[in-house]
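Text of run.cif, listed as mmCIF, C-alpha atoms and all ligand atoms:
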```cif
data_upload
loop_
_atom_site.label_atom_id
_atom_site.label_comp_id
_atom_site.auth_asym_id
_atom_site.auth_seq_id
_atom_site.Cartn_x
_atom_site.Cartn_y
_atom_site.Cartn_z
CA MET A 1 135.51 149.42 133.01
CA ILE A 2 132.34 150.04 135.01
CA TYR A 3 131.02 153.57 134.61
CA PRO A 4 132.23 156.02 135.85
CA PRO A 5 135.91 155.67 135.00
CA SER A 6 138.44 156.93 137.52
CA SER A 7 138.85 160.67 137.15
CA ALA A 8 140.60 163.59 138.83
CA PRO A 9 140.06 167.35 138.81
CA ALA A 10 141.69 169.33 136.02
CA GLY A 11 144.74 171.52 136.47
CA ASP A 12 144.28 175.31 136.30
CA TRP A 13 142.40 175.51 133.00
CA LEU A 14 140.37 178.63 133.82
CA GLY A 15 143.14 181.06 134.77
CA ASP A 16 141.55 184.50 135.14
CA ALA A 17 138.51 183.58 133.03
CA ALA A 18 135.01 182.87 134.32
CA ALA A 19 134.36 180.43 131.45
CA VAL A 20 136.21 179.05 128.45
CA ALA A 21 134.68 178.67 124.97
CA LEU A 22 135.84 176.12 122.38
CA LEU A 23 134.72 176.44 118.77
CA THR A 24 134.69 172.92 117.36
CA PHE A 25 133.65 171.76 113.89
CA ASP A 26 132.97 168.13 112.99
CA LEU A 27 133.93 167.90 109.32
CA ASP A 28 131.66 164.93 108.65
CA ALA A 29 130.87 165.61 104.97
CA GLU A 30 129.54 162.38 103.37
CA ALA A 31 130.88 160.05 106.09
CA PRO A 32 127.67 159.73 108.20
CA VAL A 33 125.40 158.87 105.24
CA LEU A 34 127.94 156.44 103.76
CA ALA A 35 128.19 154.82 107.22
CA ALA A 36 124.37 154.59 107.35
CA GLY A 37 124.27 152.72 104.03
CA GLU A 38 126.61 152.22 101.07
CA HIS A 39 123.67 152.74 98.72
CA TYR A 40 123.90 156.47 99.53
CA ALA A 41 127.02 156.62 97.34
CA ALA A 42 124.60 156.53 94.36
CA ASP A 43 122.15 159.00 95.93
CA LEU A 44 123.32 162.33 94.53
CA SER A 45 120.89 164.39 96.61
CA ALA A 46 122.10 162.89 99.90
CA MET A 47 125.76 163.07 98.85
CA SER A 48 125.50 166.68 97.67
CA HIS A 49 123.71 167.72 100.86
CA GLN A 50 126.74 166.46 102.80
CA ALA A 51 129.31 167.82 100.32
CA TYR A 52 128.01 171.34 100.98
CA GLY A 53 130.18 171.21 104.13
CA PRO A 54 133.62 170.94 102.55
CA ARG A 55 132.62 172.76 99.33
CA VAL A 56 130.89 175.83 100.77
CA GLY A 57 130.65 175.63 104.56
CA VAL A 58 134.33 175.27 105.44
CA PRO A 59 135.60 178.21 103.35
CA ARG A 60 132.92 180.46 104.88
CA ILE A 61 133.68 179.24 108.40
CA LEU A 62 137.41 179.87 107.82
CA ASP A 63 136.58 183.42 106.66
CA LEU A 64 134.47 184.02 109.78
CA LEU A 65 137.16 182.67 112.13
CA GLY A 66 139.80 184.71 110.31
CA ALA A 67 137.74 187.90 110.61
CA TYR A 68 137.61 187.49 114.40
CA GLY A 69 141.18 186.20 114.74
CA LEU A 70 139.98 182.94 116.30
CA LYS A 71 141.49 179.45 116.18
CA ALA A 72 139.16 176.45 116.19
CA THR A 73 139.39 172.66 116.36
CA PHE A 74 138.19 170.57 113.41
CA PHE A 75 137.39 166.89 114.06
CA VAL A 76 137.84 165.05 110.76
CA PRO A 77 136.73 161.49 109.91
CA GLY A 78 139.31 159.55 107.89
CA VAL A 79 136.77 159.16 105.07
CA THR A 80 136.53 162.95 104.83
CA ALA A 81 140.32 163.38 104.89
CA GLU A 82 140.55 161.00 101.91
CA ARG A 83 137.65 162.50 99.95
CA TRP A 84 138.43 166.18 100.67
CA PRO A 85 142.21 166.49 101.27
CA ARG A 86 142.39 170.06 99.88
CA THR A 87 139.71 171.17 102.34
CA VAL A 88 141.64 169.74 105.29
CA GLU A 89 144.80 171.41 103.96
CA ARG A 90 142.97 174.76 103.90
CA VAL A 91 141.95 174.28 107.52
CA LEU A 92 145.56 173.51 108.46
CA ALA A 93 146.96 176.40 106.42
CA ALA A 94 144.67 178.77 108.34
CA GLY A 95 146.33 177.59 111.56
CA HIS A 96 143.47 175.57 113.05
CA GLU A 97 143.75 172.31 114.95
CA VAL A 98 142.78 169.07 113.18
CA ALA A 99 141.84 166.10 115.38
CA LEU A 100 140.45 162.56 115.03
CA HIS A 101 136.78 161.73 114.47
CA GLY A 102 137.06 158.01 113.63
CA TYR A 103 137.59 156.68 110.12
CA SER A 104 134.19 155.49 108.91
CA HIS A 105 131.90 157.52 111.23
CA ARG A 106 130.18 154.26 112.23
CA PRO A 107 128.92 154.26 115.86
CA LEU A 108 131.62 152.59 118.00
CA PRO A 109 129.16 150.50 120.09
CA ASP A 110 128.14 148.71 116.86
CA MET A 111 131.75 147.63 116.21
CA SER A 112 133.86 144.82 117.71
CA ARG A 113 137.05 145.65 119.59
CA ASP A 114 139.13 144.71 116.52
CA GLU A 115 136.96 146.81 114.22
CA GLN A 116 137.34 149.78 116.55
CA ALA A 117 141.13 149.36 116.65
CA ARG A 118 141.24 149.19 112.83
CA ASP A 119 138.97 152.21 112.49
CA LEU A 120 141.24 154.27 114.77
CA GLU A 121 144.36 153.10 112.94
CA ARG A 122 142.89 153.99 109.53
CA CYS A 123 141.82 157.42 110.79
CA LEU A 124 145.33 158.09 112.10
CA GLY A 125 146.74 156.97 108.74
CA ALA A 126 144.41 159.21 106.73
CA LEU A 127 145.39 162.27 108.78
CA ALA A 128 149.09 161.31 108.73
CA ASP A 129 148.90 161.38 104.91
CA LEU A 130 148.08 165.09 105.28
CA GLY A 131 150.92 165.65 107.74
CA VAL A 132 148.66 165.75 110.83
CA GLU A 133 149.72 164.29 114.19
CA PRO A 134 146.41 164.62 116.02
CA GLU A 135 146.30 165.31 119.76
CA GLY A 136 142.57 164.82 120.28
CA TYR A 137 139.69 162.48 119.57
CA ARG A 138 135.91 162.79 119.34
CA ALA A 139 133.75 159.69 118.89
CA PRO A 140 131.21 159.70 116.02
CA TYR A 141 127.79 160.66 117.45
CA TRP A 142 129.63 161.16 120.80
CA ARG A 143 129.16 157.43 121.40
CA LEU A 144 132.47 156.50 122.99
CA THR A 145 133.32 152.98 124.18
CA ARG A 146 135.76 151.60 126.74
CA GLU A 147 137.70 149.84 123.95
CA THR A 148 138.45 152.98 121.96
CA LEU A 149 138.96 155.14 125.07
CA TYR A 150 141.80 152.90 126.30
CA LEU A 151 143.42 152.90 122.85
CA LEU A 152 143.66 156.71 122.76
CA PRO A 153 146.75 157.25 124.96
CA THR A 154 148.59 154.48 123.09
CA CYS A 155 148.24 156.64 119.94
CA GLY A 156 149.62 159.79 121.58
CA ILE A 157 146.16 161.29 122.05
CA LEU A 158 145.99 163.87 124.89
CA TYR A 159 142.25 164.41 125.11
CA ASP A 160 138.80 163.11 124.28
CA SER A 161 135.75 165.29 123.69
CA SER A 162 132.75 162.91 123.71
CA LEU A 163 131.45 162.47 127.29
CA MET A 164 128.67 164.39 129.05
CA ASP A 165 129.02 163.85 132.80
CA ASP A 166 130.32 167.33 133.62
CA ASP A 167 130.46 170.82 132.12
CA ARG A 168 134.05 171.34 133.26
CA PRO A 169 137.06 169.46 131.94
CA TYR A 170 138.71 166.74 134.01
CA ARG A 171 141.44 164.12 133.85
CA LEU A 172 140.57 160.50 133.01
CA HIS A 173 142.81 157.77 134.45
CA LEU A 174 143.19 154.90 132.01
CA GLY A 175 145.39 152.28 133.63
CA GLY A 176 148.80 153.89 133.93
CA GLU A 177 147.91 156.67 131.47
CA GLN A 178 145.75 159.76 131.70
CA ILE A 179 144.04 161.96 129.16
CA ALA A 180 141.92 165.09 129.46
CA GLU A 181 138.16 164.93 128.95
CA LEU A 182 136.55 168.04 127.43
CA PRO A 183 132.84 167.33 127.96
CA VAL A 184 130.14 168.14 125.43
CA HIS A 185 126.35 168.40 125.36
CA TRP A 186 123.62 168.12 122.72
CA SER A 187 122.31 171.61 123.56
CA LEU A 188 125.54 173.10 122.17
CA ASP A 189 125.49 170.96 118.99
CA ASP A 190 123.99 172.22 115.72
CA TRP A 191 123.05 168.64 114.73
CA GLU A 192 120.09 168.71 117.13
CA GLN A 193 119.00 172.03 115.60
CA TYR A 194 119.44 171.66 111.88
CA ALA A 195 120.11 168.03 110.85
CA PHE A 196 117.67 166.98 108.16
CA LEU A 197 119.17 163.84 106.69
CA PRO A 198 117.80 161.02 104.54
CA GLU A 199 117.70 158.56 107.44
CA PRO A 200 115.01 159.83 109.85
CA ASP A 201 116.83 158.45 112.88
CA ILE A 202 119.88 160.65 112.19
CA GLY A 203 118.02 163.94 111.90
CA GLU A 204 114.80 165.62 110.83
CA ARG A 205 114.90 169.17 112.15
CA ILE A 206 115.24 172.68 110.80
CA GLU A 207 115.18 175.27 113.61
CA ASN A 208 115.36 179.06 113.36
CA PRO A 209 119.04 180.13 113.64
CA ARG A 210 118.07 183.18 115.75
CA ASP A 211 116.57 180.86 118.36
CA VAL A 212 119.65 178.64 118.15
CA ALA A 213 122.01 181.60 118.70
CA ARG A 214 119.95 182.56 121.76
CA LEU A 215 120.12 179.01 123.13
CA TRP A 216 123.91 178.96 122.76
CA THR A 217 124.61 182.45 124.11
CA GLU A 218 122.32 181.88 127.13
CA GLU A 219 124.21 178.71 127.96
CA LEU A 220 127.56 180.49 127.72
CA ASP A 221 126.25 183.41 129.78
CA ALA A 222 125.08 181.06 132.55
CA MET A 223 128.38 179.18 132.39
CA ARG A 224 130.18 182.36 133.50
CA LYS A 225 128.49 181.84 136.89
CA THR A 226 129.29 178.12 137.11
CA ASN A 227 132.86 178.48 135.73
CA SER A 228 132.21 175.95 132.98
CA LEU A 229 133.59 174.90 129.63
CA CYS A 230 131.39 175.78 126.63
CA VAL A 231 132.15 173.39 123.75
CA LEU A 232 130.23 174.63 120.74
CA THR A 233 129.99 171.85 118.14
CA CYS A 234 129.01 172.69 114.57
CA HIS A 235 128.98 170.77 111.30
CA PRO A 236 129.99 172.70 108.16
CA PHE A 237 127.29 170.97 106.05
CA LEU A 238 124.70 172.33 108.51
CA SER A 239 126.10 175.57 109.95
CA GLY A 240 127.83 176.69 106.75
CA ARG A 241 124.49 177.94 105.41
CA PRO A 242 124.14 181.74 105.47
CA SER A 243 121.71 182.39 108.33
CA ARG A 244 123.26 179.62 110.42
CA LEU A 245 126.71 181.11 109.97
CA ARG A 246 125.23 184.27 111.43
CA ALA A 247 124.18 182.27 114.51
CA ILE A 248 127.83 181.27 115.02
CA GLU A 249 128.85 184.90 114.52
CA ASP A 250 126.28 186.03 117.13
CA PHE A 251 127.79 183.52 119.57
CA VAL A 252 131.34 184.69 118.80
CA GLN A 253 130.38 188.35 119.20
CA PHE A 254 128.60 187.70 122.49
CA ALA A 255 131.58 185.73 123.83
CA GLY A 256 133.93 188.47 122.64
CA GLU A 257 131.94 191.08 124.57
CA CYS A 258 132.29 189.05 127.76
CA THR A 259 135.73 190.09 129.01
CA ASP A 260 135.73 187.08 131.38
CA VAL A 261 135.33 184.48 128.59
CA ARG A 262 138.47 183.06 126.97
CA PHE A 263 138.55 181.26 123.64
CA SER A 264 140.86 178.26 123.26
CA THR A 265 141.54 175.38 120.95
CA ALA A 266 140.82 171.93 122.39
CA SER A 267 144.49 170.97 122.33
CA GLU A 268 145.65 174.11 124.18
CA LEU A 269 143.00 173.55 126.83
CA ALA A 270 143.82 169.84 127.22
CA LYS A 271 147.43 170.69 128.02
CA LEU A 272 146.30 173.00 130.86
CA VAL A 273 143.92 170.32 132.14
CA LEU A 274 146.73 167.74 132.27
ZN ZN A 301 130.50 163.45 113.22
#
```

If you took the structure in this file and wrote it as structure tokens, what would it be?
Ligand SMILES: [Zn+2]
Amino acid sequence: MIYPPSSAPAGDWLGDAAAVALLTFDLDAEAPVLAAGEHYAADLSAMSHQAYGPRVGVPRILDLLGAYGLKATFFVPGVTAERWPRTVERVLAAGHEVALHGYSHRPLPDMSRDEQARDLERCLGALADLGVEPEGYRAPYWRLTRETLYLLPTCGILYDSSLMDDDRPYRLHLGGEQIAELPVHWSLDDWEQYAFLPEPDIGERIENPRDVARLWTEELDAMRKTNSLCVLTCHPFLSGRPSRLRAIEDFVQFAGECTDVRFSTASELAKLVL
């Protein structure tokens, strides 16, 4: 497939809204550091930094979402589903969507076609063990490949949320199949704001959450004029910390005050797009 893939406009996904907001959480936990190097398994500081997500971040995020009556989408690597099954069960019990985020959290472009197929199969298996039939996929580091993209509809996946060539959803034609694309951007990702991880190339930043909340709400506000899709992407090990949770709450409150902004889960939106 030469970029860009064949695409078509989305169905009526906006309805009466001026913009749609998705709250998405990538439940990475230890997966990214273990993917960066197996030696991290013995590095208790690195492992505990990541474990903060499922241990502390997720329960607080679930409380916040519950307080505002909002449903979110959690993208879960297979490694996390195996290491933290009770956490994923809590997310499910609270009525949120759980979707695929690869098995190992290794970047797809570094893997052969067969390795990518195995990674997807293992991720599906890990979620199936928790009773999840996922409808969506997000590539680790948003680094999607042709190989994995074409495998998605064969696994019953309805949407991907990894590409950046629009700020409105669209349909992707993949041979005889089609899936919805729910585009993302680094400016709406907490990784770029807060990730301070042992490997310098995967994060060395700690920004002020008040500035981050302003960045996110200004983007959503402007998107009401362009009729766009605002996909907020947060990681519980980063945004579960107290002042950063408040940044998410500021975003939620701002969106709630905008009567022309609708919240959705990724799966609900994908069905309208298709
Ligand atoms: Zn991730």

Report task. With all atoms listed in the file counted, collect every polymer residue having an atom within 7 Å of ligand ZN 301 (chain A); state the result as a ChimeraX atom specification. Result -> /A:26-28,32,101,105,140-141

Kindly assemble as JSON lines a list of the region 72-190 of chain A residues that lie within 12 Å of region 42-64 of chain A, each paired with its nearest atom pair and their distance in Å to one decimal, using all atoms listed in the file, sorted first by chain and then by ascending residue number.
```
{"residue": "A:Ala72", "atom": "CA", "partner": "A:Leu62", "partner_atom": "CA", "distance": 9.2}
{"residue": "A:Thr73", "atom": "CA", "partner": "A:Leu62", "partner_atom": "CA", "distance": 11.4}
{"residue": "A:Phe74", "atom": "CA", "partner": "A:Val58", "partner_atom": "CA", "distance": 10.0}
{"residue": "A:Val76", "atom": "CA", "partner": "A:Pro54", "partner_atom": "CA", "distance": 11.0}
{"residue": "A:Thr80", "atom": "CA", "partner": "A:Pro54", "partner_atom": "CA", "distance": 8.8}
{"residue": "A:Ala81", "atom": "CA", "partner": "A:Pro54", "partner_atom": "CA", "distance": 10.4}
{"residue": "A:Arg83", "atom": "CA", "partner": "A:Pro54", "partner_atom": "CA", "distance": 9.7}
{"residue": "A:Trp84", "atom": "CA", "partner": "A:Pro54", "partner_atom": "CA", "distance": 7.0}
{"residue": "A:Pro85", "atom": "CA", "partner": "A:Pro54", "partner_atom": "CA", "distance": 9.8}
{"residue": "A:Arg86", "atom": "CA", "partner": "A:Pro54", "partner_atom": "CA", "distance": 9.2}
{"residue": "A:Thr87", "atom": "CA", "partner": "A:Pro54", "partner_atom": "CA", "distance": 6.1}
{"residue": "A:Val88", "atom": "CA", "partner": "A:Pro54", "partner_atom": "CA", "distance": 8.6}
{"residue": "A:Glu89", "atom": "CA", "partner": "A:Val58", "partner_atom": "CA", "distance": 11.3}
{"residue": "A:Arg90", "atom": "CA", "partner": "A:Pro59", "partner_atom": "CA", "distance": 8.2}
{"residue": "A:Val91", "atom": "CA", "partner": "A:Leu62", "partner_atom": "CA", "distance": 7.2}
{"residue": "A:Leu92", "atom": "CA", "partner": "A:Leu62", "partner_atom": "CA", "distance": 10.4}
{"residue": "A:Ala93", "atom": "CA", "partner": "A:Leu62", "partner_atom": "CA", "distance": 10.3}
{"residue": "A:Ala94", "atom": "CA", "partner": "A:Leu62", "partner_atom": "CA", "distance": 7.4}
{"residue": "A:Gly95", "atom": "CA", "partner": "A:Leu62", "partner_atom": "CA", "distance": 9.9}
{"residue": "A:His96", "atom": "CA", "partner": "A:Leu62", "partner_atom": "CA", "distance": 9.1}
```

Could you write those residues out with C-alpha atoms, as a PDB file, in the frame of the given file?
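Wrote it out as selection.pdb, contents follow:
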```
ATOM      1  CA  ALA A  72     139.160 176.450 116.190  1.00  0.00           C
ATOM      2  CA  THR A  73     139.390 172.660 116.360  1.00  0.00           C
ATOM      3  CA  PHE A  74     138.190 170.570 113.410  1.00  0.00           C
ATOM      4  CA  VAL A  76     137.840 165.050 110.760  1.00  0.00           C
ATOM      5  CA  THR A  80     136.530 162.950 104.830  1.00  0.00           C
ATOM      6  CA  ALA A  81     140.320 163.380 104.890  1.00  0.00           C
ATOM      7  CA  ARG A  83     137.650 162.500  99.950  1.00  0.00           C
ATOM      8  CA  TRP A  84     138.430 166.180 100.670  1.00  0.00           C
ATOM      9  CA  PRO A  85     142.210 166.490 101.270  1.00  0.00           C
ATOM     10  CA  ARG A  86     142.390 170.060  99.880  1.00  0.00           C
ATOM     11  CA  THR A  87     139.710 171.170 102.340  1.00  0.00           C
ATOM     12  CA  VAL A  88     141.640 169.740 105.290  1.00  0.00           C
ATOM     13  CA  GLU A  89     144.800 171.410 103.960  1.00  0.00           C
ATOM     14  CA  ARG A  90     142.970 174.760 103.900  1.00  0.00           C
ATOM     15  CA  VAL A  91     141.950 174.280 107.520  1.00  0.00           C
ATOM     16  CA  LEU A  92     145.560 173.510 108.460  1.00  0.00           C
ATOM     17  CA  ALA A  93     146.960 176.400 106.420  1.00  0.00           C
ATOM     18  CA  ALA A  94     144.670 178.770 108.340  1.00  0.00           C
ATOM     19  CA  GLY A  95     146.330 177.590 111.560  1.00  0.00           C
ATOM     20  CA  HIS A  96     143.470 175.570 113.050  1.00  0.00           C
TER      21      HIS A  96
END
```

Query raised in the report: Near Arg118 (chain A), counting all atoms listed in the file, which residues have an atom at most 12 Å away, once you skip same-chain residues fewer than 4 positions from it, shown as a VMD selection string?
Result: chain A and resid 78 102 to 104 108 111 to 114 122 to 125 147 to 148 151

Requested in this report: List the residues sitting within 7 Å of (118.2, 181.1, 112.5) in the file's frame, using all atoms listed in the file, as a PyMOL selection string.
Outcome: chain A and resi 207-212+243-244+247

How about saving the chosen residues, C-alpha atoms kept, as a JSON list (two decimals), in the frame of the given file?
```json
[["chain", "number", "residue", "atom", "x", "y", "z"],
["A", 207, "GLU", "CA", 115.18, 175.27, 113.61],
["A", 208, "ASN", "CA", 115.36, 179.06, 113.36],
["A", 209, "PRO", "CA", 119.04, 180.13, 113.64],
["A", 210, "ARG", "CA", 118.07, 183.18, 115.75],
["A", 211, "ASP", "CA", 116.57, 180.86, 118.36],
["A", 212, "VAL", "CA", 119.65, 178.64, 118.15],
["A", 243, "SER", "CA", 121.71, 182.39, 108.33],
["A", 244, "ARG", "CA", 123.26, 179.62, 110.42],
["A", 247, "ALA", "CA", 124.18, 182.27, 114.51]]
```

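Shortest separation to Ala10 (chain A) among A:Leu152, A:Leu23, A:Leu120, A:Ile179 occurs at residue A:Ile179, atoms counted being only C-alpha atoms.
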
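Each of A:Asp260, A:Asp165, A:Glu82, A:Asp12 was compared to Leu220 (chain A) using only C-alpha atoms, and A:Asp260 turns out to be the nearest.
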
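Taking CA of Gly37 (chain A) as the reference point, CA of Ser162 (chain A) is found at 23.7 Å.
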
**Report entry** All residues 9 Å or closer to Phe251 (chain A), all atoms listed in the file, same chain fewer than 6 positions away omitted, as JSON, numbers by chain
**Finding:** {"A": [213, 214, 216, 217, 220]}

Query raised in the report: Using all atoms listed in the file, which of A:Ala117, A:Val261, A:Ile157, A:Glu268 sits nearest Lys225 (chain A)?
Result: A:Val261

Report task. In the coordinate frame of the file, compute which residues have an atom within 7 Å of (144.3, 160.0, 136.4) when using all atoms listed in the file, and state them as number ranges by chain. Result -> A: 6-8, 171-174, 177-178

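Distance check against Ala126 (chain A) using only C-alpha atoms: of A:Val79, A:Val252, A:Ala41, A:Val231, the minimum falls on A:Val79.
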
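Comparing A:Leu130, A:Ala36, A:Leu229, A:Ala180 by their smallest distance to Pro9 (chain A), the closest is A:Ala180 (using only C-alpha atoms).
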
Requested in this report: Would you work out the distance separating CA of Tyr3 (chain A) from CA of Arg106 (chain A), expressed in Å to one decimal?
Outcome: 22.4 Å

Around all the atoms of region 237-242 of chain A listed in the file, draw an axis-aligned box and extend it by 4 Å on each of the six sides; I want its centre and edge lengths in Å to one decimal, as JSON.
```
{"center_x": 126.0, "center_y": 176.4, "center_z": 107.7, "size_x": 11.7, "size_y": 18.8, "size_z": 12.5}
```

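Shortest atom-to-atom contact with Tyr137 (chain A) among A:Val20, A:Ser267, A:Ile206, A:His235: A:Ser267, counting only C-alpha atoms.
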
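Distance-wise, CA of Gly11 (chain A) and CA of Val273 (chain A) end up 4.6 Å apart.
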
Put region 203-224 of chain A into a file with C-alpha atoms, as a compact mmCIF listing (two decimals), in the first residue's frame.
```txt
# COMPACT_ATOMS: atom_id res chain seq x y z
CA GLY A 203 10.37 10.51 27.29
CA GLU A 204 12.07 13.14 29.41
CA ARG A 205 9.49 15.80 30.18
CA ILE A 206 7.51 17.06 33.13
CA GLU A 207 5.20 19.93 32.15
CA ASN A 208 2.85 21.97 34.36
CA PRO A 209 -0.62 20.32 34.30
CA ARG A 210 -2.33 23.75 34.24
CA ASP A 211 -0.56 24.54 30.97
CA VAL A 212 -1.47 21.09 29.66
CA ALA A 213 -5.16 21.57 30.52
CA ARG A 214 -5.08 24.89 28.66
CA LEU A 215 -3.46 23.28 25.61
CA TRP A 216 -6.16 20.60 25.50
CA THR A 217 -9.16 22.85 26.14
CA GLU A 218 -7.97 25.40 23.54
CA GLU A 219 -7.71 22.63 20.96
CA LEU A 220 -11.22 21.39 21.76
CA ASP A 221 -12.59 24.94 21.70
CA ALA A 222 -11.09 25.57 18.25
CA MET A 223 -12.38 22.21 17.05
CA ARG A 224 -15.95 23.43 17.61
```
